[in-house]
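Structure first, then comments.
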Amino acid sequence: MPPAIPSATPPGTPKEYRIASIPADGIGPEVISAGLEVLEAVAARDGGFTLKVDHYDWGSNWYRRHGMFMPPDGLAWLRTADAIYFGAVGDPDVPDHISLWGLRLPICQGFDQYANVRPTRILPGVTSPLRDVGVGDLDWVIVRENSEGEYAGHGGRAHRGMPEEVATETAIFTRRGVERIMRFAFDIARSRPRKLLTVVTKSNAQRHGMVFWDEIAALVSHDYPDVTWDKELVDAMTTRMVRKPQSIDTVVATNLHADILSDLAAALAGSLGIAPTGNIDPERRSPSMFEPIHGSAFDITGKGIANPVASFWTAAMMLEHLGEKPAADLLMRAVEQVCAAGILSPDLGGKATTQEVTRAVVEAVRGMNR
């Protein structure tokens with residue numbers, strides 16, 4: 001049976017948050033372990049909350065033993081959590097579409113985590129591959145529709161192995177799905193100083209679903225007169241991200257387009273190893289899931305050089321979602337202090353190990369002024 005949902009916290013005692021930890025595959029266990037260590041330091045430093053971590057060893061090894069990536073009642077177990085802290089899924093011996101649809105997507109779709117939020121900015125001490133672009137020049141939030149679109153999972157194969165074989169992949173866009181992600185993105189844009197939103201589509205070639213996106217964006221914009229917004233085709237957006245990063249602030253795009261653009265964004269900010277993600281249910285009907293976007297990275301698994309910064313930034317997003325913004329801010333100040341001091345992993349041009357970066361951030365948290 002799933003663990004019992006804890007009773008209300010008595011007045012005057014620290015709040016306790018139940019975190020479901022799913023390290024999964026590759027470097028996932030390394031960076032999630034590092035993130036939990038830093039989170040414990042933040043909780044101890046803050047004093048206003050504690051963490052109860054439930055550990056789940058689901059992933060490709062579980063699949064090899066059980067023929068599935070998580071138990072049939074896995075979502076019931078996860079529903080008892082306040083938030084989910086996820087590592088990465090993917091294994092060289094398991095086809096990617098099996099691992100993705102076996103673990104991550106069932107959680108996202110099962111809990112209707114329809115808003116995928118990917119902040120990107122250049123951290124102090126980190127060098128962007130873009131010439132003459134530094135801290136403050138690239139500060140974006142990419143909002144990805146996370147429940148339908150190109151990743152809706154509809155389609156099929158027929159006449160397998162024959163010359164007539166056909167495969168279909170159907171992108172599904174619903175008025176409810178597009179409008180709710182558009183409002184979510186406009187709300188984020190409104191909350192940021194520049195109040196600027198770019199809606200990314202491919203409506204010149206995809207004349208049904210993408211024109212639908214454009215039309216709903218225009219309708220929703222009437223409720224946000226204080227937000228300036230523009231449209232960009234996805235191919236033109238890649239050029240704009242490289243050549244005019246200062247012209248971008250908040251971005252909203254489909255499941256596929258934002259997935260690709262956010263990886264480019266992370267690379268332009270220095271490395272996939274620093275990029276966080278929140279899979280959010282804005283209505284808070286179910287727990288949201290927070291994960292670094294770098295994937296399982298089996299080429300460096302076990303070498304002790306995985307960059308834990310993405311998992312730390314992800315943890316900060318999780319804390320803010322839980323209502324602990326001061327703690328989240330404290331954690332990010334500690335991360336920035338460590339990066340500025342040059343304590344960087346190899347993907348950022350440094351020589352520090354995962355453990356050394358983690359230890360430095362823990363020490364920075366303990367010494368940080370509130």
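To be explicit about the labels: the chains of the structure tokens are called A, B, and onward in the order shown, and within each one the residues are counted from 1, while ligands get numbers from 1 in the order they are shown.
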
*Excluding segment 262-264 of chain A and residues on its chain fewer than 5 positions from it, collect all residues at most 7 Å away from it, counting only C-alpha atoms, and give them as a ChimeraX atom specification.*
/A:118,142,272

*alpha helix (DSSP H) residues, from DSSP on the backbone, in segment 51-269 of chain A, as a ChimeraX atom specification*: /A:60-66,74-78,96-99,105-110,175-191,209-221,234-243,255-268

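Residue nearest Thr80 of chain A, chosen from A:Arg366, A:Arg160, A:Arg18, A:His55 and counting only C-alpha atoms: A:Arg18.
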
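Between Ala360 of chain A and the residues A:Thr250, A:Ser345, A:Thr174, A:Ser99, the shortest atom-to-atom distance, using only C-alpha atoms, involves A:Ser345.
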
_Selection: 10 Å around Glu283 of chain A, only C-alpha atoms, excl. self and same-chain fewer than 5 positions, as a list in words_ = Asp112, Gln113 and Tyr114 of chain A

Which of segment 99-129 of chain A end up as strand (DSSP E) when DSSP is run on this backbone - answer as a PDB file with C-alpha atoms, in the first residue's frame?
```
ATOM      1  CA  ALA A 115       3.435  23.090 -18.044  1.00  0.00           C
ATOM      2  CA  ASN A 116       7.112  22.303 -18.506  1.00  0.00           C
ATOM      3  CA  VAL A 117       9.143  25.285 -17.310  1.00  0.00           C
ATOM      4  CA  ARG A 118      12.797  25.656 -18.290  1.00  0.00           C
ATOM      5  CA  PRO A 119      14.611  28.783 -17.043  1.00  0.00           C
ATOM      6  CA  THR A 120      17.929  29.600 -18.669  1.00  0.00           C
ATOM      7  CA  ARG A 121      20.508  32.194 -17.775  1.00  0.00           C
TER       8      ARG A 121
END
```

*asked:* So that I can check the surroundings of segment 57-73 of chain A, please list as a PyMOL selection string every protein, DNA and RNA residue that reaches within 10 Å of it, counting only C-alpha atoms and ignoring chain neighbours fewer than 2 positions away.
replied: chain A and resi 1-2+21-26+29+55+75-78+87-94+98-104+106

*Spatial neighbours of Glu40 of chain A, max dist 10 Å, only C-alpha atoms, sep filter under 4 positions, as a PyMOL selection string*: chain A and resi 35-36+44-46+50-52+362

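Residues within 12 Å of Arg176 of chain A, counting only C-alpha atoms and excluding same-chain residues fewer than 4 positions away, are A:Tyr114, A:Glu145, A:Ser147, A:Glu148, A:Ile172, A:Arg180, A:Ile181, A:Met182, A:Arg183, A:Phe212, A:Trp213, A:Ile216, A:Val220.
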
Go ahead and dump the residues you just picked, N, CA and C atoms, as a JSON list (two decimals), in the first residue's frame.
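Final output, again.json:
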```
[["chain", "number", "residue", "atom", "x", "y", "z"],
["A", 114, "TYR", "N", 1.02, 19.76, -17.14],
["A", 114, "TYR", "CA", 0.94, 20.25, -18.51],
["A", 114, "TYR", "C", 1.88, 21.41, -18.82],
["A", 145, "GLU", "N", 4.55, 23.26, -23.70],
["A", 145, "GLU", "CA", 3.31, 22.51, -23.50],
["A", 145, "GLU", "C", 3.69, 21.05, -23.32],
["A", 147, "SER", "N", 1.61, 18.19, -22.40],
["A", 147, "SER", "CA", 0.60, 17.14, -22.26],
["A", 147, "SER", "C", 0.06, 16.60, -23.58],
["A", 148, "GLU", "N", 0.28, 17.35, -24.68],
["A", 148, "GLU", "CA", -0.31, 16.90, -25.93],
["A", 148, "GLU", "C", 0.62, 17.23, -27.08],
["A", 172, "ILE", "N", -1.65, 16.34, -31.60],
["A", 172, "ILE", "CA", -3.00, 16.71, -31.17],
["A", 172, "ILE", "C", -2.95, 18.03, -30.40],
["A", 180, "ARG", "N", -4.74, 26.87, -21.99],
["A", 180, "ARG", "CA", -4.21, 26.87, -20.63],
["A", 180, "ARG", "C", -2.70, 27.07, -20.60],
["A", 181, "ILE", "N", -1.96, 26.53, -21.59],
["A", 181, "ILE", "CA", -0.51, 26.76, -21.58],
["A", 181, "ILE", "C", -0.21, 28.19, -22.00],
["A", 182, "MET", "N", -1.06, 28.76, -22.87],
["A", 182, "MET", "CA", -0.85, 30.14, -23.29],
["A", 182, "MET", "C", -1.07, 31.08, -22.10],
["A", 183, "ARG", "N", -2.12, 30.85, -21.32],
["A", 183, "ARG", "CA", -2.36, 31.69, -20.15],
["A", 183, "ARG", "C", -1.25, 31.53, -19.12],
["A", 212, "PHE", "N", -3.85, 27.30, -35.38],
["A", 212, "PHE", "CA", -4.68, 27.23, -34.18],
["A", 212, "PHE", "C", -3.96, 27.87, -33.00],
["A", 213, "TRP", "N", -2.67, 27.55, -32.82],
["A", 213, "TRP", "CA", -1.86, 28.16, -31.77],
["A", 213, "TRP", "C", -1.83, 29.68, -31.91],
["A", 216, "ILE", "N", -5.22, 31.27, -30.93],
["A", 216, "ILE", "CA", -5.51, 31.27, -29.49],
["A", 216, "ILE", "C", -4.58, 32.23, -28.76],
["A", 220, "VAL", "N", -5.98, 35.12, -26.29],
["A", 220, "VAL", "CA", -5.56, 35.20, -24.88],
["A", 220, "VAL", "C", -4.86, 36.53, -24.60]]
```

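The two atoms in question, atom CA of Lys303 of chain A and atom CA of Leu130 of chain A, are spaced 28.7 Å apart.
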
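You will find atom CA of Thr314 of chain A at 6.1 Å from atom CA of Thr277 of chain A.
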
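Put simply, atom CA of Asp281 of chain A is 11.8 Å away from atom CA of Asp82 of chain A.
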
*Tell me which of A:Ala185, A:Met210, A:Lys231, A:Tyr151 sits closest to His97 of chain A, counting only C-alpha atoms.*
A:Tyr151

*Pick from A:Ile122, A:Ala306, A:Val335, A:Gly28: nearest to Gly350 of chain A, with only C-alpha atoms counted?*
A:Ala306

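You can rank A:Ala167, A:Ile274, A:Val242, A:Cys339 by their closest distance to Leu261 of chain A using only C-alpha atoms, and at the top of that list sits A:Val242.
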
_Long-range neighbours of Gln246 of chain A as a list in words, 10 Å cut-off, only C-alpha atoms, 6 positions minimum in chain_ = Val133, Gly136, Asp137, Leu138, Asp139, Trp140 and Arg240 of chain A

Write the residues of the preceding selection, restricted to C-alpha atoms, as an mmCIF file, in the first residue's frame.
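Written file, out_18.cif:
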```
data_model
loop_
_atom_site.group_PDB
_atom_site.id
_atom_site.type_symbol
_atom_site.label_atom_id
_atom_site.label_comp_id
_atom_site.auth_asym_id
_atom_site.auth_seq_id
_atom_site.Cartn_x
_atom_site.Cartn_y
_atom_site.Cartn_z
ATOM 1 C CA VAL A 133 27.340 37.598 -24.304
ATOM 2 C CA GLY A 136 22.480 39.355 -17.763
ATOM 3 C CA ASP A 137 22.482 39.192 -21.552
ATOM 4 C CA LEU A 138 20.720 35.829 -21.658
ATOM 5 C CA ASP A 139 17.923 35.386 -19.115
ATOM 6 C CA TRP A 140 15.006 33.369 -20.477
ATOM 7 C CA ARG A 240 17.251 34.811 -32.973
#
```
